[in-house]
Amino acid sequence: MSVYDTLNKEQKKAVLTTEGPLLLLAGAGSGKTRVLTHRIAYLIEELGVSPWNILAITFTNKAAEEMRERLNRIIGFGAEQIWAATFHSTCVRILRRHIDRLGFDNHFTIYDADDQKSVVKDICKRFGIDTKQTREKEFLNVISSAKDKLISPLEYRSQTRGDFTKRRYGEVYEEYQEVLRRNNALDFDDLIVKTVELFKTCPEVLENYQNRFCYISVDEYQDTNRAQFELIRLLAEKSRNLCVVGDDDQSIYKFRGADIRNILNFEQVYPEAKVIKLEQNYRSTGNILNAANAVIRHNKGRKDKALWTDRGEGSNVHFRQFDTAYEEADYIVGDIVSKVSGGTRKFGDFAVLYRTNAQSRLLEERLITEGIPYDVVGGVNFYSRREIKDVLAYLKTIDNGLDEVAVKRIINIPKRGIGPSTIARLDDYAQMRDISFYEALEDADNIMDLGRPIAKINAFVTLIRTFRTKAEFMSISDLILDILEKIDYKSYVDSFAEEDAEDRIHNVEELVNKAVSFQEARDQGSLSEFLEEVALVADIDNMNDDGNRVLLMTLHSAKGLEFPAVYMAGMEDGLFPSYQAANAEDPSELEEERRLAYVGITRTKEDLTLTSARTRMLRGETQYNTVSRFVKEIPEELLDGGTVWGRKQWQRMGEGGDDFGNGTAWGRSARKGAGSFAAAENGSSRSEARDFRPKAVLRPKTTAKADKPFIAKGMDSLNRLAGVSKGMPKQAPAAVDYAEGDRVSHVKYGLGTVLHLEKDVRDIKVTVDFDRAGQKIMYASFAKLKKV
DNA sequence: TTTTACTTCGTTTTT
DNA sequence: CGAAGTAAAA
């Protein structure tokens, strides 16, 4: 039993409390994952519970993966039988089996935000709704929050009968669901909602899962919404062995429907529930913890608790204020460099956290010029890149012809001369005959007033048919490559994106690689499975910590992670807390921001630095901000304000700064006064070397960003970024100077062995087995492999 | 039908 | 400032 002796008293109690409902209030860094995994191990090894009867739910794939890894390590046998997955993937797995009972086809596709938006856009057009007055996003917000609360279109309508505008929302909601059904598609919220619906309409299916999942645990419980609560409630109804783990102070997803009452009222719903608090923190030093406690104390309506540690005080929390955001970035990067060269830290020890994704840009620019390896988590999701979505739309069309959004996306990609008016005609026809859009395409010959485009449509249908046949026997990666070749995607990309064509092709190659590794992992998974996996990954899931790189991410993405040294940048009122949260009439919005600050602070093990800038460019305008109130909530004795900007000074300035009207100068006057260029250059030219544009050089396009294993290696990568390739041959090389079996090197992946060479229509397809990065397939003209 | 030139508008946060 | 969307021209 020695394994369990490493736990503290409360942790041990939590591990041993296996029967009945259990609420585990686990503060940041209190070892909750450890408790969860040990608890499961205890169930299996000491109580003889079958791994097959255990369900462990998390929010991110990364967390699920970590859970599985740890379980593998501590459980000798059968760990892989434990169902450890996210809410969403759990639901997909269940729905793939049973959704036909709800009138869907089991090959349903999953819609992301883009797809949802185009559905709503289409509806608005048909309903004659002006999307300038009410944006698509607004409708989607309403729909999503209704779904979070398990309110069906019907219920929504009856609840909002009196209100004219809301009735409108109801109509759109209803039609939206109708369209999704026709397209055989589900959005993210539907995954949960439909599973609940399935359980409620098919008791025997529910019972089946109730019998299987005898022990259920849910991580990050404070972030669950009503629908997720209901899902869990149903599953646990029979066994009532439900262990939820959460921290109300870390609830930061209210905007996504998280209902904190799930955790606050747990004991009412489960009167027999036991409650255990974990308050000992094993992560941070005393000063950091006290700072975190001091900040969160300003929130009302939280479960009372205070983290403590028996580690020493550690160093103070650092705070620096700068004139401009450039100087802020400059300082952070410089500080990292000096600590690394001083030998106290390595790059991988650092994380820079910020409120909004846009803030990453400046930091990246500095990091690149300093040649520091870094990763950005988030930003534009890999799978929402235009080029990736194009390819995926082809795959979706092949897999599920009912998915109208996908078909419409690619019907004219590359340009085939099928324009909006033709599509409108096809739409009308489909509507009239009550068939799907794709079926209308197949029926093009019978549509009278179509005219010339008929031939083009037929060609498209034939193309898709060919792909469908090939999909039967081809691997997914080969299918993708075949699609790329047949539609000549490369020239298409060249035509619409001259500058960053290379990056885009690179991204597509990366997708091929993902397909390869997917198939290796799953031993030939189906196309549906691939598309589903792709739809459910978040950016954080792709993060691998084995690179010794500085990490940049939003505070939201940082939840659940920890780092020896953390910078929280942009600690300014108006940015963090955000302008709208600070000015909202509902004080809970500000409290949510404060929890975010709490999350950020508690990511830190040893070194925490808070920074802010007096001036910051936001959408082309200069904004004047005062120091964040969250900084001011930290007691003076825990802070170390540096020599130049002592606390007194910034406090005085902060108070004076209020003249700016909460620190924000929104008016156009600021810009006009400075002249349209001056505003942009002000900050940079004044502070010496900040003007290192042309920006085309440093930041070709956002595409380069999340292309994640991006290692800035001095000039090499700078040249790559600078688009030096522009002068390079666009046309593929007729031959390459390496052959199968040769050793080659790649800018990004390093050394590898050429496995296979294949001549394409206009390029050479190279398969390389890289020592570090594994097997990759790439086009010779873009890969620029060097023989070694 | 496609390309271009111009206008508008926005930033929280994401499974 | 830039992306994205709209109106007009080719």
# chains A, B, ... in the order shown; residues from 1 in each chain; ligands from 1
call {"tool": "interface_residues", "arguments": {"of": "chain C", "to": "chain A", "cutoff": "12 Å", "atoms": "only C-alpha atoms (C1' of nucleotides)", "output": "ChimeraX atom specification"}}
result
/C:1-3,5
call {"tool": "residues_around", "arguments": {"residues": "Asn241 (chain A)", "least_positions_apart": "6", "cutoff": "8 Å", "atoms": "only C-alpha atoms (C1' of nucleotides)", "output": "MDAnalysis selection string"}}
result
chainID A and resid 18:22 214:216
call {"tool": "write_last_selection", "arguments": {"atoms": "N, CA and C atoms", "output": "PDB file, in the first residue's frame"}}
result
ATOM      1  N   THR A  18     -14.760   5.747  -2.208  1.00  0.00           N
ATOM      2  CA  THR A  18     -15.092   5.301  -3.558  1.00  0.00           C
ATOM      3  C   THR A  18     -16.582   5.184  -3.805  1.00  0.00           C
ATOM      4  N   GLU A  19     -17.337   4.957  -2.743  1.00  0.00           N
ATOM      5  CA  GLU A  19     -18.765   4.700  -2.940  1.00  0.00           C
ATOM      6  C   GLU A  19     -19.584   5.964  -2.718  1.00  0.00           C
ATOM      7  N   GLY A  20     -20.572   6.143  -3.548  1.00  0.00           N
ATOM      8  CA  GLY A  20     -21.464   7.290  -3.402  1.00  0.00           C
ATOM      9  C   GLY A  20     -20.890   8.552  -4.007  1.00  0.00           C
ATOM     10  N   PRO A  21     -21.705   9.621  -4.027  1.00  0.00           N
ATOM     11  CA  PRO A  21     -21.264  10.877  -4.627  1.00  0.00           C
ATOM     12  C   PRO A  21     -20.180  11.547  -3.793  1.00  0.00           C
ATOM     13  N   LEU A  22     -19.212  12.107  -4.480  1.00  0.00           N
ATOM     14  CA  LEU A  22     -18.111  12.772  -3.789  1.00  0.00           C
ATOM     15  C   LEU A  22     -17.772  14.072  -4.491  1.00  0.00           C
ATOM     16  N   CYS A 214     -19.822   1.997 -13.746  1.00  0.00           N
ATOM     17  CA  CYS A 214     -20.163   1.893 -12.328  1.00  0.00           C
ATOM     18  C   CYS A 214     -19.473   2.976 -11.511  1.00  0.00           C
ATOM     19  N   TYR A 215     -18.334   3.437 -11.995  1.00  0.00           N
ATOM     20  CA  TYR A 215     -17.597   4.485 -11.286  1.00  0.00           C
ATOM     21  C   TYR A 215     -17.254   5.596 -12.264  1.00  0.00           C
ATOM     22  N   ILE A 216     -17.759   6.781 -11.958  1.00  0.00           N
ATOM     23  CA  ILE A 216     -17.586   7.899 -12.873  1.00  0.00           C
ATOM     24  C   ILE A 216     -16.847   9.032 -12.180  1.00  0.00           C
TER      25      ILE A 216
END
call {"tool": "closest_residue", "arguments": {"among": "A:Gly29, A:Gly301, A:Gly78, A:Gly525", "to": "Met474 (chain A)", "atoms": "only C-alpha atoms"}}
result
A:Gly525
call {"tool": "residues_around", "arguments": {"residues": "DT2 (chain B)", "least_positions_apart": "6", "cutoff": "10 Å", "atoms": "only C-alpha atoms (C1' of nucleotides)", "output": "list in words"}}
result
Lys415, Gly417 and Gly419 of chain A; DA10 of chain C
call {"tool": "write_last_selection", "arguments": {"atoms": "N, CA and C atoms (P, O5', C5', C4', C3', O3' and C1' of nucleotides)", "output": "PDB file, in the first residue's frame"}}
result
ATOM      1  N   LYS A 415     -11.599  27.040 -59.065  1.00  0.00           N
ATOM      2  CA  LYS A 415     -12.627  27.663 -59.888  1.00  0.00           C
ATOM      3  C   LYS A 415     -13.082  26.733 -61.010  1.00  0.00           C
ATOM      4  N   GLY A 417     -16.201  27.568 -62.564  1.00  0.00           N
ATOM      5  CA  GLY A 417     -17.242  28.300 -63.266  1.00  0.00           C
ATOM      6  C   GLY A 417     -18.628  27.979 -62.752  1.00  0.00           C
ATOM      7  N   GLY A 419     -20.882  29.470 -60.197  1.00  0.00           N
ATOM      8  CA  GLY A 419     -20.967  30.646 -59.335  1.00  0.00           C
ATOM      9  C   GLY A 419     -22.233  30.701 -58.516  1.00  0.00           C
TER      10      GLY A 419
ATOM     11  P    DA C  10     -13.781  48.296 -66.624  1.00  0.00           P
ATOM     12  O5'  DA C  10     -13.327  46.804 -66.925  1.00  0.00           O
ATOM     13  C5'  DA C  10     -12.377  46.166 -66.082  1.00  0.00           C
ATOM     14  C4'  DA C  10     -12.344  44.709 -66.481  1.00  0.00           C
ATOM     15  C3'  DA C  10     -12.346  44.483 -67.986  1.00  0.00           C
ATOM     16  O3'  DA C  10     -11.351  43.524 -68.319  1.00  0.00           O
ATOM     17  C1'  DA C  10     -14.120  43.291 -67.003  1.00  0.00           C
TER      18       DA C  10
END
call {"tool": "closest_atom_pairs", "arguments": {"of": "chain A", "to": "chain B", "cutoff": "8 Å", "atoms": "only C-alpha atoms (C1' of nucleotides)", "output": "Markdown table"}}
result
| residue | atom | partner | partner_atom | distance |
| --- | --- | --- | --- | --- |
| A:Phe59 | CA | B:DT15 | C1' | 7.0 |
| A:Thr60 | CA | B:DT15 | C1' | 7.2 |
| A:His88 | CA | B:DT15 | C1' | 7.2 |
| A:Phe188 | CA | B:DT15 | C1' | 7.4 |
| A:Tyr253 | CA | B:DT13 | C1' | 7.7 |
| A:Phe255 | CA | B:DT13 | C1' | 7.8 |
| A:Arg256 | CA | B:DT14 | C1' | 7.7 |
| A:Arg355 | CA | B:DT12 | C1' | 7.3 |
| A:Thr356 | CA | B:DT12 | C1' | 6.2 |
| A:Ala358 | CA | B:DT11 | C1' | 7.8 |
| A:Gly417 | CA | B:DT1 | C1' | 6.4 |
| A:Ile418 | CA | B:DT1 | C1' | 7.9 |
| A:Gly419 | CA | B:DT1 | C1' | 6.3 |
| A:Leu536 | CA | B:DT15 | C1' | 7.6 |
| A:Ala538 | CA | B:DT15 | C1' | 7.3 |
| A:His556 | CA | B:DT13 | C1' | 6.3 |
| A:Ser578 | CA | B:DT12 | C1' | 6.9 |
| A:Arg619 | CA | B:DG10 | C1' | 7.7 |
call {"tool": "write_last_selection", "arguments": {"atoms": "N, CA, C and O atoms", "output": "mmCIF file, in the first residue's frame"}}
result
data_model
loop_
_atom_site.group_PDB
_atom_site.id
_atom_site.type_symbol
_atom_site.label_atom_id
_atom_site.label_comp_id
_atom_site.auth_asym_id
_atom_site.auth_seq_id
_atom_site.Cartn_x
_atom_site.Cartn_y
_atom_site.Cartn_z
ATOM 1 N N PHE A 59 -11.995 17.740 -19.876
ATOM 2 C CA PHE A 59 -12.430 18.752 -20.840
ATOM 3 C C PHE A 59 -11.590 18.787 -22.100
ATOM 4 O O PHE A 59 -12.104 18.995 -23.176
ATOM 5 N N THR A 60 -10.306 18.587 -21.946
ATOM 6 C CA THR A 60 -9.459 18.629 -23.130
ATOM 7 C C THR A 60 -8.869 17.252 -23.400
ATOM 8 O O THR A 60 -8.699 16.436 -22.496
ATOM 9 N N HIS A 88 -16.887 15.681 -25.213
ATOM 10 C CA HIS A 88 -17.278 15.662 -26.614
ATOM 11 C C HIS A 88 -16.955 14.343 -27.289
ATOM 12 O O HIS A 88 -17.784 13.779 -27.988
ATOM 13 N N PHE A 188 -21.051 21.383 -32.025
ATOM 14 C CA PHE A 188 -20.436 20.948 -30.770
ATOM 15 C C PHE A 188 -21.449 20.745 -29.652
ATOM 16 O O PHE A 188 -21.404 19.745 -28.934
ATOM 17 N N TYR A 253 -15.188 29.684 -17.748
ATOM 18 C CA TYR A 253 -15.872 29.445 -19.015
ATOM 19 C C TYR A 253 -17.359 29.753 -18.966
ATOM 20 O O TYR A 253 -18.153 29.108 -19.631
ATOM 21 N N PHE A 255 -18.805 32.201 -20.221
ATOM 22 C CA PHE A 255 -19.240 32.647 -21.552
ATOM 23 C C PHE A 255 -19.590 31.462 -22.448
ATOM 24 O O PHE A 255 -20.266 31.600 -23.442
ATOM 25 N N ARG A 256 -19.135 30.321 -22.076
ATOM 26 C CA ARG A 256 -19.425 29.141 -22.877
ATOM 27 C C ARG A 256 -20.524 28.306 -22.226
ATOM 28 O O ARG A 256 -20.753 27.174 -22.600
ATOM 29 N N ARG A 355 -4.203 37.960 -22.129
ATOM 30 C CA ARG A 355 -5.658 37.875 -22.153
ATOM 31 C C ARG A 355 -6.198 37.558 -23.555
ATOM 32 O O ARG A 355 -7.106 36.781 -23.733
ATOM 33 N N THR A 356 -5.658 38.244 -24.549
ATOM 34 C CA THR A 356 -6.185 38.056 -25.908
ATOM 35 C C THR A 356 -5.110 37.519 -26.842
ATOM 36 O O THR A 356 -3.936 37.864 -26.724
ATOM 37 N N ALA A 358 -4.408 38.309 -29.751
ATOM 38 C CA ALA A 358 -3.736 39.332 -30.551
ATOM 39 C C ALA A 358 -2.420 39.773 -29.917
ATOM 40 O O ALA A 358 -1.512 40.226 -30.611
ATOM 41 N N GLY A 417 -16.201 27.568 -62.564
ATOM 42 C CA GLY A 417 -17.242 28.300 -63.266
ATOM 43 C C GLY A 417 -18.628 27.979 -62.752
ATOM 44 O O GLY A 417 -19.614 28.068 -63.464
ATOM 45 N N ILE A 418 -18.702 27.545 -61.516
ATOM 46 C CA ILE A 418 -20.012 27.347 -60.895
ATOM 47 C C ILE A 418 -20.179 28.440 -59.852
ATOM 48 O O ILE A 418 -19.658 28.343 -58.753
ATOM 49 N N GLY A 419 -20.882 29.470 -60.197
ATOM 50 C CA GLY A 419 -20.967 30.646 -59.335
ATOM 51 C C GLY A 419 -22.233 30.701 -58.516
ATOM 52 O O GLY A 419 -23.026 29.763 -58.517
ATOM 53 N N LEU A 536 -12.449 17.447 -33.307
ATOM 54 C CA LEU A 536 -12.517 17.583 -31.856
ATOM 55 C C LEU A 536 -11.220 17.997 -31.183
ATOM 56 O O LEU A 536 -11.161 18.115 -29.977
ATOM 57 N N ALA A 538 -8.383 20.484 -29.956
ATOM 58 C CA ALA A 538 -8.122 21.885 -29.669
ATOM 59 C C ALA A 538 -6.633 22.113 -29.858
ATOM 60 O O ALA A 538 -5.861 21.169 -29.963
ATOM 61 N N HIS A 556 -6.666 31.435 -20.742
ATOM 62 C CA HIS A 556 -7.607 30.323 -20.796
ATOM 63 C C HIS A 556 -6.913 29.005 -21.139
ATOM 64 O O HIS A 556 -7.169 27.975 -20.524
ATOM 65 N N SER A 578 -10.994 42.990 -19.098
ATOM 66 C CA SER A 578 -11.374 43.572 -20.370
ATOM 67 C C SER A 578 -12.305 44.757 -20.147
ATOM 68 O O SER A 578 -12.982 44.864 -19.123
ATOM 69 N N ARG A 619 -6.457 47.744 -32.839
ATOM 70 C CA ARG A 619 -7.062 47.996 -34.140
ATOM 71 C C ARG A 619 -6.731 49.381 -34.668
ATOM 72 O O ARG A 619 -7.591 50.229 -34.920
#
call {"tool": "residues_around", "arguments": {"residues": "Gly334 (chain A)", "least_positions_apart": "5", "cutoff": "10 Å", "atoms": "only C-alpha atoms (C1' of nucleotides)", "output": "mmCIF file with N, CA and C atoms, in the first residue's frame"}}
result
data_model
loop_
_atom_site.group_PDB
_atom_site.id
_atom_site.type_symbol
_atom_site.label_atom_id
_atom_site.label_comp_id
_atom_site.auth_asym_id
_atom_site.auth_seq_id
_atom_site.Cartn_x
_atom_site.Cartn_y
_atom_site.Cartn_z
ATOM 1 N N GLU A 328 7.410 46.432 -23.496
ATOM 2 C CA GLU A 328 6.987 45.313 -22.651
ATOM 3 C C GLU A 328 7.506 43.995 -23.223
ATOM 4 N N ALA A 329 7.272 43.795 -24.507
ATOM 5 C CA ALA A 329 7.721 42.568 -25.163
ATOM 6 C C ALA A 329 9.239 42.464 -25.112
ATOM 7 N N LYS A 339 18.094 35.164 -18.206
ATOM 8 C CA LYS A 339 18.000 34.052 -17.262
ATOM 9 C C LYS A 339 18.519 32.753 -17.856
ATOM 10 N N VAL A 340 18.277 32.587 -19.134
ATOM 11 C CA VAL A 340 18.781 31.369 -19.769
ATOM 12 C C VAL A 340 20.292 31.412 -19.894
ATOM 13 N N ARG A 366 9.567 39.766 -31.241
ATOM 14 C CA ARG A 366 10.786 39.874 -30.445
ATOM 15 C C ARG A 366 11.497 38.526 -30.344
ATOM 16 N N LEU A 367 10.731 37.502 -30.094
ATOM 17 C CA LEU A 367 11.326 36.182 -29.936
ATOM 18 C C LEU A 367 12.054 35.755 -31.202
ATOM 19 N N GLU A 370 15.331 37.563 -31.627
ATOM 20 C CA GLU A 370 16.333 37.068 -30.683
ATOM 21 C C GLU A 370 16.695 35.616 -30.959
#
call {"tool": "select_by_dssp", "arguments": {"residues": "region 63-105 of chain A", "states": "alpha helix (DSSP H)", "output": "VMD selection string"}}
result
chain A and resid 63 to 74 87 to 98
call {"tool": "write_last_selection", "arguments": {"atoms": "N, CA and C atoms", "output": "PDB file, in the first residue's frame"}}
result
ATOM      1  N   ALA A  63      -5.773  16.676 -21.389  1.00  0.00           N
ATOM      2  CA  ALA A  63      -5.988  16.189 -20.026  1.00  0.00           C
ATOM      3  C   ALA A  63      -6.326  14.709 -20.038  1.00  0.00           C
ATOM      4  N   ALA A  64      -7.119  14.299 -21.000  1.00  0.00           N
ATOM      5  CA  ALA A  64      -7.492  12.884 -21.100  1.00  0.00           C
ATOM      6  C   ALA A  64      -6.261  12.023 -21.361  1.00  0.00           C
ATOM      7  N   GLU A  65      -5.426  12.546 -22.242  1.00  0.00           N
ATOM      8  CA  GLU A  65      -4.216  11.823 -22.582  1.00  0.00           C
ATOM      9  C   GLU A  65      -3.307  11.671 -21.365  1.00  0.00           C
ATOM     10  N   GLU A  66      -3.177  12.771 -20.647  1.00  0.00           N
ATOM     11  CA  GLU A  66      -2.329  12.739 -19.470  1.00  0.00           C
ATOM     12  C   GLU A  66      -2.867  11.738 -18.456  1.00  0.00           C
ATOM     13  N   MET A  67      -4.176  11.756 -18.318  1.00  0.00           N
ATOM     14  CA  MET A  67      -4.818  10.813 -17.410  1.00  0.00           C
ATOM     15  C   MET A  67      -4.490   9.383 -17.817  1.00  0.00           C
ATOM     16  N   ARG A  68      -4.651   9.083 -19.081  1.00  0.00           N
ATOM     17  CA  ARG A  68      -4.387   7.728 -19.570  1.00  0.00           C
ATOM     18  C   ARG A  68      -2.935   7.337 -19.348  1.00  0.00           C
ATOM     19  N   GLU A  69      -2.054   8.299 -19.620  1.00  0.00           N
ATOM     20  CA  GLU A  69      -0.638   8.034 -19.439  1.00  0.00           C
ATOM     21  C   GLU A  69      -0.316   7.677 -17.991  1.00  0.00           C
ATOM     22  N   ARG A  70      -0.836   8.492 -17.102  1.00  0.00           N
ATOM     23  CA  ARG A  70      -0.547   8.262 -15.684  1.00  0.00           C
ATOM     24  C   ARG A  70      -1.147   6.949 -15.213  1.00  0.00           C
ATOM     25  N   LEU A  71      -2.329   6.640 -15.693  1.00  0.00           N
ATOM     26  CA  LEU A  71      -2.956   5.380 -15.303  1.00  0.00           C
ATOM     27  C   LEU A  71      -2.132   4.205 -15.792  1.00  0.00           C
ATOM     28  N   ASN A  72      -1.655   4.346 -17.020  1.00  0.00           N
ATOM     29  CA  ASN A  72      -0.799   3.295 -17.566  1.00  0.00           C
ATOM     30  C   ASN A  72       0.400   3.040 -16.684  1.00  0.00           C
ATOM     31  N   ARG A  73       0.907   4.127 -16.129  1.00  0.00           N
ATOM     32  CA  ARG A  73       2.116   4.009 -15.340  1.00  0.00           C
ATOM     33  C   ARG A  73       1.850   3.336 -13.994  1.00  0.00           C
ATOM     34  N   ILE A  74       0.701   3.661 -13.376  1.00  0.00           N
ATOM     35  CA  ILE A  74       0.515   3.103 -12.033  1.00  0.00           C
ATOM     36  C   ILE A  74      -0.316   1.821 -11.992  1.00  0.00           C
ATOM     37  N   PHE A  87     -15.715  15.136 -22.744  1.00  0.00           N
ATOM     38  CA  PHE A  87     -17.160  15.120 -22.907  1.00  0.00           C
ATOM     39  C   PHE A  87     -17.523  14.898 -24.364  1.00  0.00           C
ATOM     40  N   HIS A  88     -16.887  15.681 -25.213  1.00  0.00           N
ATOM     41  CA  HIS A  88     -17.278  15.662 -26.614  1.00  0.00           C
ATOM     42  C   HIS A  88     -16.955  14.343 -27.289  1.00  0.00           C
ATOM     43  N   SER A  89     -15.766  13.840 -27.058  1.00  0.00           N
ATOM     44  CA  SER A  89     -15.452  12.592 -27.747  1.00  0.00           C
ATOM     45  C   SER A  89     -16.225  11.419 -27.157  1.00  0.00           C
ATOM     46  N   THR A  90     -16.508  11.489 -25.871  1.00  0.00           N
ATOM     47  CA  THR A  90     -17.368  10.466 -25.275  1.00  0.00           C
ATOM     48  C   THR A  90     -18.711  10.431 -25.992  1.00  0.00           C
ATOM     49  N   CYS A  91     -19.279  11.609 -26.169  1.00  0.00           N
ATOM     50  CA  CYS A  91     -20.589  11.680 -26.802  1.00  0.00           C
ATOM     51  C   CYS A  91     -20.534  11.223 -28.251  1.00  0.00           C
ATOM     52  N   VAL A  92     -19.488  11.602 -28.960  1.00  0.00           N
ATOM     53  CA  VAL A  92     -19.377  11.166 -30.352  1.00  0.00           C
ATOM     54  C   VAL A  92     -19.343   9.646 -30.418  1.00  0.00           C
ATOM     55  N   ARG A  93     -18.581   9.074 -29.527  1.00  0.00           N
ATOM     56  CA  ARG A  93     -18.464   7.614 -29.534  1.00  0.00           C
ATOM     57  C   ARG A  93     -19.815   6.953 -29.326  1.00  0.00           C
ATOM     58  N   ILE A  94     -20.571   7.524 -28.401  1.00  0.00           N
ATOM     59  CA  ILE A  94     -21.891   6.956 -28.129  1.00  0.00           C
ATOM     60  C   ILE A  94     -22.835   7.182 -29.309  1.00  0.00           C
ATOM     61  N   LEU A  95     -22.780   8.400 -29.842  1.00  0.00           N
ATOM     62  CA  LEU A  95     -23.702   8.730 -30.931  1.00  0.00           C
ATOM     63  C   LEU A  95     -23.409   7.956 -32.211  1.00  0.00           C
ATOM     64  N   ARG A  96     -22.149   7.694 -32.468  1.00  0.00           N
ATOM     65  CA  ARG A  96     -21.810   6.921 -33.667  1.00  0.00           C
ATOM     66  C   ARG A  96     -22.495   5.559 -33.646  1.00  0.00           C
ATOM     67  N   ARG A  97     -22.707   5.075 -32.471  1.00  0.00           N
ATOM     68  CA  ARG A  97     -23.351   3.765 -32.352  1.00  0.00           C
ATOM     69  C   ARG A  97     -24.865   3.856 -32.483  1.00  0.00           C
ATOM     70  N   HIS A  98     -25.432   4.892 -31.856  1.00  0.00           N
ATOM     71  CA  HIS A  98     -26.892   4.855 -31.664  1.00  0.00           C
ATOM     72  C   HIS A  98     -27.683   5.985 -32.288  1.00  0.00           C
TER      73      HIS A  98
END
call {"tool": "atom_distance", "arguments": {"atom1": "CA of Gly371 (chain A)", "atom2": "CA of Leu555 (chain A)"}}
result
24.4 Å
call {"tool": "atom_distance", "arguments": {"atom1": "CA of Ala613 (chain A)", "atom2": "CA of Ala569 (chain A)"}}
result
8.7 Å
call {"tool": "select_by_dssp", "arguments": {"residues": "region 436-593 of chain A", "states": "strand (DSSP E)", "output": "VMD selection string"}}
result
chain A and resid 550 to 554 563 to 568
call {"tool": "atom_distance", "arguments": {"atom1": "CA of Ser118 (chain A)", "atom2": "CA of Glu197 (chain A)"}}
result
25.6 Å
call {"tool": "residues_around", "arguments": {"residues": "region 475-479 of chain A", "least_positions_apart": "3", "cutoff": "8 Å", "atoms": "only C-alpha atoms (C1' of nucleotides)", "output": "list of chain:residue names"}}
result
A:Phe467, A:Lys470, A:Ala471, A:Asp482, A:Ile483, A:Val512, A:Asn513, A:Ala515, A:Val516, A:Gln519, A:Gln524, A:Leu527
